[in-house]
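Content type mmCIF, C-alpha atoms, from the file work-v8.cif:
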data_work
#
loop_
_atom_site.label_atom_id
_atom_site.label_comp_id
_atom_site.auth_asym_id
_atom_site.auth_seq_id
_atom_site.Cartn_x
_atom_site.Cartn_y
_atom_site.Cartn_z
CA MET A 985 118.94 84.57 120.28
CA THR A 986 116.92 81.81 118.72
CA GLY A 987 117.34 80.41 115.23
CA ILE A 988 114.93 80.31 112.34
CA GLU A 989 115.11 77.25 110.10
CA LEU A 990 115.13 78.46 106.50
CA ARG A 991 114.78 75.90 103.67
CA SER A 992 113.94 75.60 100.00
CA ASP A 993 112.45 72.80 97.93
CA ALA A 994 114.53 74.13 95.01
CA PHE A 995 118.00 73.63 96.52
CA ASN A 996 119.69 72.41 99.69
CA ASP A 997 122.01 74.47 101.86
CA HIS A 998 125.34 75.00 100.04
CA SER A 999 124.11 73.31 96.84
CA PHE A 1000 123.58 74.74 93.36
CA ILE A 1001 120.60 76.88 92.43
CA ALA A 1002 118.88 75.91 89.15
CA ARG A 1003 119.01 78.20 86.10
CA ARG A 1004 115.24 78.74 86.48
CA TYR A 1005 116.01 81.09 89.37
CA ALA A 1006 118.94 82.86 87.66
CA TYR A 1007 118.86 86.30 86.06
CA GLU A 1008 119.83 84.76 82.71
CA GLY A 1009 117.02 82.20 83.00
CA PRO A 1010 113.34 82.77 83.77
CA ASN A 1011 114.52 84.76 86.85
CA VAL A 1012 111.88 83.31 89.17
CA SER A 1013 112.39 83.76 92.90
CA PRO A 1014 112.91 80.39 94.62
CA PRO A 1015 110.37 78.88 97.00
CA LEU A 1016 111.29 79.23 100.66
CA THR A 1017 109.86 77.83 103.88
CA TRP A 1018 110.66 78.79 107.44
CA SER A 1019 109.91 77.79 111.00
CA GLY A 1020 111.01 78.83 114.47
CA VAL A 1021 109.94 82.48 114.25
CA PRO A 1022 109.54 83.87 117.80
CA ASP A 1023 105.93 84.57 118.80
CA ASP A 1024 106.75 88.17 119.67
CA ALA A 1025 108.21 89.05 116.26
CA ALA A 1026 106.67 92.20 114.75
CA GLU A 1027 107.84 91.56 111.19
CA LEU A 1028 110.17 89.46 109.07
CA VAL A 1029 112.76 90.82 106.64
CA LEU A 1030 114.25 88.74 103.83
CA LEU A 1031 117.61 89.52 102.25
CA CYS A 1032 119.46 87.67 99.48
CA GLU A 1033 123.01 88.84 98.86
CA ASP A 1034 126.11 87.74 96.95
CA PRO A 1035 129.31 88.66 98.83
CA ASP A 1036 131.43 87.20 96.00
CA ALA A 1037 130.40 89.84 93.44
CA PRO A 1038 133.42 91.58 91.88
CA SER A 1039 132.22 95.08 92.80
CA GLY A 1040 131.36 94.15 96.40
CA THR A 1041 128.33 92.53 97.99
CA PHE A 1042 125.41 92.55 95.54
CA THR A 1043 121.81 92.74 96.75
CA HIS A 1044 119.49 90.30 94.93
CA TRP A 1045 116.31 90.55 96.99
CA VAL A 1046 115.08 92.63 99.93
CA VAL A 1047 111.57 92.16 101.30
CA VAL A 1048 110.33 94.05 104.37
CA GLY A 1049 107.07 93.83 106.31
CA ILE A 1050 106.64 90.06 105.92
CA ASP A 1051 103.90 88.62 108.12
CA PRO A 1052 105.67 87.03 111.12
CA HIS A 1053 102.95 84.34 111.27
CA SER A 1054 103.71 83.19 107.71
CA ASP A 1055 105.74 80.07 107.05
CA GLY A 1056 107.03 80.53 103.52
CA VAL A 1057 106.66 81.81 100.00
CA GLU A 1058 105.99 80.03 96.71
CA ALA A 1059 108.35 80.36 93.75
CA GLY A 1060 107.83 83.59 91.85
CA HIS A 1061 105.82 85.30 94.61
CA CYS A 1062 106.38 87.97 97.23
CA PRO A 1063 106.28 86.68 100.83
CA PRO A 1064 102.92 87.26 102.60
CA GLY A 1065 102.45 90.88 103.62
CA GLY A 1066 105.86 91.81 102.26
CA THR A 1067 107.02 94.79 100.23
CA GLU A 1068 109.79 94.09 97.73
CA LEU A 1069 112.43 96.82 97.56
CA VAL A 1070 114.74 97.65 94.65
CA ASN A 1071 117.58 95.14 94.12
CA GLY A 1072 121.11 95.72 92.85
CA TYR A 1073 119.88 95.55 89.24
CA GLY A 1074 117.75 98.63 89.91
CA GLN A 1075 114.48 96.67 89.74
CA PRO A 1076 111.95 95.94 92.50
CA GLY A 1077 111.74 92.33 93.64
CA TRP A 1078 113.89 89.32 92.91
CA GLY A 1079 116.96 89.57 90.70
CA GLY A 1080 118.54 86.16 90.31
CA PRO A 1081 122.17 85.06 90.30
CA HIS A 1082 124.31 86.37 87.43
CA PRO A 1083 128.00 85.99 88.29
CA PRO A 1084 130.63 86.77 85.66
CA PRO A 1085 131.26 83.83 83.30
CA GLY A 1086 134.25 81.79 84.41
CA ASP A 1087 134.13 82.87 88.06
CA ASP A 1088 134.17 80.19 90.72
CA ALA A 1089 130.69 79.49 92.08
CA HIS A 1090 129.26 82.49 93.93
CA HIS A 1091 127.50 82.11 97.28
CA TYR A 1092 123.97 83.47 97.57
CA PHE A 1093 123.02 84.06 101.18
CA PHE A 1094 119.28 84.03 101.85
CA ARG A 1095 118.77 85.55 105.30
CA LEU A 1096 115.46 85.79 107.13
CA TYR A 1097 115.28 88.06 110.16
CA ALA A 1098 112.58 88.24 112.84
CA LEU A 1099 112.44 91.76 114.26
CA THR A 1100 111.05 93.31 117.43
CA GLU A 1101 109.66 96.23 115.43
CA PRO A 1102 109.45 97.22 111.77
CA CYS A 1103 112.59 98.62 110.20
CA VAL A 1104 112.82 101.50 107.78
CA LEU A 1105 115.07 101.09 104.77
CA PRO A 1106 115.73 103.16 101.66
CA ASP A 1107 113.86 102.09 98.52
CA ALA A 1108 117.06 100.54 97.10
CA PRO A 1109 119.09 99.44 100.14
CA ARG A 1110 122.59 98.03 99.97
CA ALA A 1111 123.13 94.79 101.91
CA ASP A 1112 125.17 96.59 104.58
CA GLN A 1113 122.27 99.00 105.18
CA VAL A 1114 119.92 96.06 105.70
CA HIS A 1115 122.34 94.42 108.15
CA GLU A 1116 122.76 97.66 110.08
CA GLU A 1117 119.03 98.21 110.48
CA VAL A 1118 118.05 94.65 111.35
CA GLU A 1119 120.82 94.33 113.96
CA LYS A 1120 119.06 97.01 116.02
CA ARG A 1121 115.84 94.94 116.18
CA ARG A 1122 116.80 91.30 115.60
CA LEU A 1123 115.10 88.59 117.66
CA ALA A 1124 116.14 85.64 115.51
CA ASP A 1125 117.46 84.81 112.08
CA GLY A 1126 118.06 81.95 109.69
CA THR A 1127 120.36 81.52 106.71
CA LEU A 1128 120.29 79.33 103.61
CA VAL A 1129 123.16 79.43 101.11
CA GLY A 1130 122.82 78.57 97.43
CA LEU A 1131 125.57 78.41 94.80
CA TYR A 1132 125.55 79.51 91.19
CA GLN A 1133 128.15 79.52 88.43
CA ARG A 1134 128.12 80.43 84.73
#
Take the structure in the file and give it back as structure tokens.
Amino acid sequence: MTGIELRSDAFNDHSFIARRYAYEGPNVSPPLTWSGVPDDAAELVLLCEDPDAPSGTFTHWVVVGIDPHSDGVEAGHCPPGGTELVNGYGQPGWGGPHPPPGDDAHHYFFRLYALTEPCVLPDAPRADQVHEEVEKRRLADGTLVGLYQR
């Protein structure tokens, strides 16, 4: 299994995400870039999840059908060719960090998967459903972790 390098100009791996990208702020999806996608990938899937949420892992962003020849997405946009599914807030697209006030910093895992074939997910998938489906088709993946605290 090869690795995808996933980065953001907005934050470094394991550093804090700015309020601009938070649910309580402008709630703009962060810019992301990637490289190392295998040539034979059929599609990319993007997942952002918070495993530190009090009620269990919270899904912040799921995008399927991303063009495997793309190399990133600008802030506030959907990745090229992608379809944004419904997040844990019940809204399609990005839903930024919003941990309970006073909690320790939560970890926001941005995961990009290269798949051998398209995957089918419900309109509002839980993070575990995304993991289950992509594991069946995964060629490569990359992870970037951001932190947020209120």
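Considering only C-alpha atoms, the residue among A:Pro1063, A:Val1029, A:Phe1042, A:Tyr1073 positioned nearest to A:Glu1117 is A:Val1029.
Shortest atom-to-atom contact with A:Ala1059 among A:Ser1019, A:Thr1100, A:Gln1075, A:Ser1013: A:Ser1013, counting only C-alpha atoms.
Compared by their closest atoms to A:Val1048, and using only C-alpha atoms, the residues A:Thr1127, A:Ser992, A:Gln1133, A:Thr1067 rank with A:Thr1067 nearest.
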| message | Which residues, named as in the file, does the PyMOL selection byres ((chain A and resi 1105) around 12) pick out? Answer as a PyMOL selection string. | response | chain A and resi 1029+1046-1049+1067-1070+1102-1104+1106-1118
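Considering all atoms listed in the file, the residue among A:Asp993, A:Ala1025, A:Arg1134, A:Gly1074 positioned nearest to A:Ile1050 is A:Ala1025.
The residues returned by the PyMOL selection byres ((chain A and resi 1083-1091) around 9) for this structure are His998, Phe1000, Glu1033, Asp1034, Pro1035, Asp1036, Ala1037, Pro1038, Pro1081, His1082, Tyr1092, Phe1093, Val1129, Gly1130, Leu1131, Tyr1132, Gln1133 and Arg1134 of chain A.
The coordinates place atom CA of A:Gly1077 at 26.8 Å from atom CA of A:Asp1024.
Counting only C-alpha atoms and comparing A:Arg1004, A:Ser1039, A:Ala1026, A:Gly1020, the residue that lies closest to A:Arg1122 is A:Ala1026.
Interatomic distance, atom CA of A:Pro1015 against atom CA of A:Val1057: 5.6 Å.
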| query | What is the distance between atom CA of A:Leu1016 and atom CA of A:Glu1119, in Å to one decimal? | reply | 22.3 Å
The PyMOL selection byres ((chain A and resi 1126) around 9) - which residues does that actually catch in the file I just gave you? List them as a short mmCIF file (atom, residue, chain, number, x, y, z; two decimals) with C-alpha atoms, keeping the file's coordinate frame.
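After the write, expr03.cif holds the following:
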data_model
loop_
_atom_site.label_atom_id
_atom_site.label_comp_id
_atom_site.auth_asym_id
_atom_site.auth_seq_id
_atom_site.Cartn_x
_atom_site.Cartn_y
_atom_site.Cartn_z
CA GLY A 987 117.34 80.41 115.23
CA ILE A 988 114.93 80.31 112.34
CA GLU A 989 115.11 77.25 110.10
CA LEU A 990 115.13 78.46 106.50
CA TRP A 1018 110.66 78.79 107.44
CA PHE A 1094 119.28 84.03 101.85
CA ARG A 1095 118.77 85.55 105.30
CA LEU A 1096 115.46 85.79 107.13
CA TYR A 1097 115.28 88.06 110.16
CA ALA A 1098 112.58 88.24 112.84
CA ALA A 1124 116.14 85.64 115.51
CA ASP A 1125 117.46 84.81 112.08
CA THR A 1127 120.36 81.52 106.71
CA LEU A 1128 120.29 79.33 103.61
#
Around stretch 1034-1053 of chain A, with edges along x, y and z and 6 Å added on all six sides, what centre and edge lengths do you get, in Å to one decimal, as AutoDock Vina command-line options?
--center_x 118.2 --center_y 89.7 --center_z 101.6 --size_x 42.5 --size_y 22.7 --size_z 31.4
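For the residues A:Gly1065, A:Pro1014, A:Gly1072, A:Pro1022, ranking by smallest atom-to-atom distance to A:Asn996 using all atoms listed in the file places A:Pro1014 first.
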| What's the 9 Å shell around A:His1053, counting all atoms listed in the file, without same-chain residues fewer than 5 positions away, as a list in words? | Val1021, Asp1023, Ala1025 and Glu1027 of chain A
Residue subset to file, keeping C-alpha atoms, as a CSV table (one decimal), in the frame of the given file:
chain,number,residue,atom,x,y,z
A,1021,VAL,CA,109.9,82.5,114.2
A,1023,ASP,CA,105.9,84.6,118.8
A,1025,ALA,CA,108.2,89.0,116.3
A,1027,GLU,CA,107.8,91.6,111.2
Residue rebuild result stretch 988-1002 of chain A, N, CA, C and O atoms as a CSV table (one decimal), in the frame of the given file:
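Saved result, rebuild27.csv, follows:
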chain,number,residue,atom,x,y,z
A,988,ILE,N,116.0,80.6,113.3
A,988,ILE,CA,114.9,80.3,112.3
A,988,ILE,C,115.5,79.3,111.4
A,988,ILE,O,116.6,79.4,110.9
A,989,GLU,N,114.7,78.2,111.1
A,989,GLU,CA,115.1,77.2,110.1
A,989,GLU,C,114.6,77.7,108.7
A,989,GLU,O,113.4,77.8,108.6
A,990,LEU,N,115.5,78.0,107.8
A,990,LEU,CA,115.1,78.5,106.5
A,990,LEU,C,115.5,77.4,105.5
A,990,LEU,O,116.7,76.9,105.5
A,991,ARG,N,114.5,77.0,104.6
A,991,ARG,CA,114.8,75.9,103.7
A,991,ARG,C,114.2,76.3,102.3
A,991,ARG,O,113.4,77.2,102.2
A,992,SER,N,114.5,75.5,101.3
A,992,SER,CA,113.9,75.6,100.0
A,992,SER,C,113.8,74.2,99.4
A,992,SER,O,114.7,73.4,99.5
A,993,ASP,N,112.7,74.0,98.7
A,993,ASP,CA,112.4,72.8,97.9
A,993,ASP,C,113.3,72.8,96.6
A,993,ASP,O,113.4,71.8,96.0
A,994,ALA,N,113.8,74.0,96.3
A,994,ALA,CA,114.5,74.1,95.0
A,994,ALA,C,116.0,73.8,95.1
A,994,ALA,O,116.6,73.4,94.1
A,995,PHE,N,116.6,73.9,96.3
A,995,PHE,CA,118.0,73.6,96.5
A,995,PHE,C,118.3,73.4,98.0
A,995,PHE,O,117.5,73.9,98.9
A,996,ASN,N,119.3,72.6,98.3
A,996,ASN,CA,119.7,72.4,99.7
A,996,ASN,C,120.8,73.4,100.1
A,996,ASN,O,121.4,74.1,99.2
A,997,ASP,N,121.0,73.6,101.4
A,997,ASP,CA,122.0,74.5,101.9
A,997,ASP,C,123.4,74.1,101.2
A,997,ASP,O,123.8,73.0,101.2
A,998,HIS,N,124.0,75.1,100.7
A,998,HIS,CA,125.3,75.0,100.0
A,998,HIS,C,125.3,74.1,98.8
A,998,HIS,O,126.3,73.5,98.5
A,999,SER,N,124.2,74.0,98.1
A,999,SER,CA,124.1,73.3,96.8
A,999,SER,C,123.7,74.3,95.7
A,999,SER,O,123.4,75.5,96.0
A,1000,PHE,N,123.8,73.9,94.5
A,1000,PHE,CA,123.6,74.7,93.4
A,1000,PHE,C,122.1,75.1,93.1
A,1000,PHE,O,121.2,74.3,93.3
A,1001,ILE,N,121.9,76.3,92.8
A,1001,ILE,CA,120.6,76.9,92.4
A,1001,ILE,C,120.4,76.6,90.9
A,1001,ILE,O,121.3,76.9,90.1
A,1002,ALA,N,119.2,76.2,90.6
A,1002,ALA,CA,118.9,75.9,89.2
A,1002,ALA,C,118.8,77.2,88.3
A,1002,ALA,O,118.5,78.3,88.8
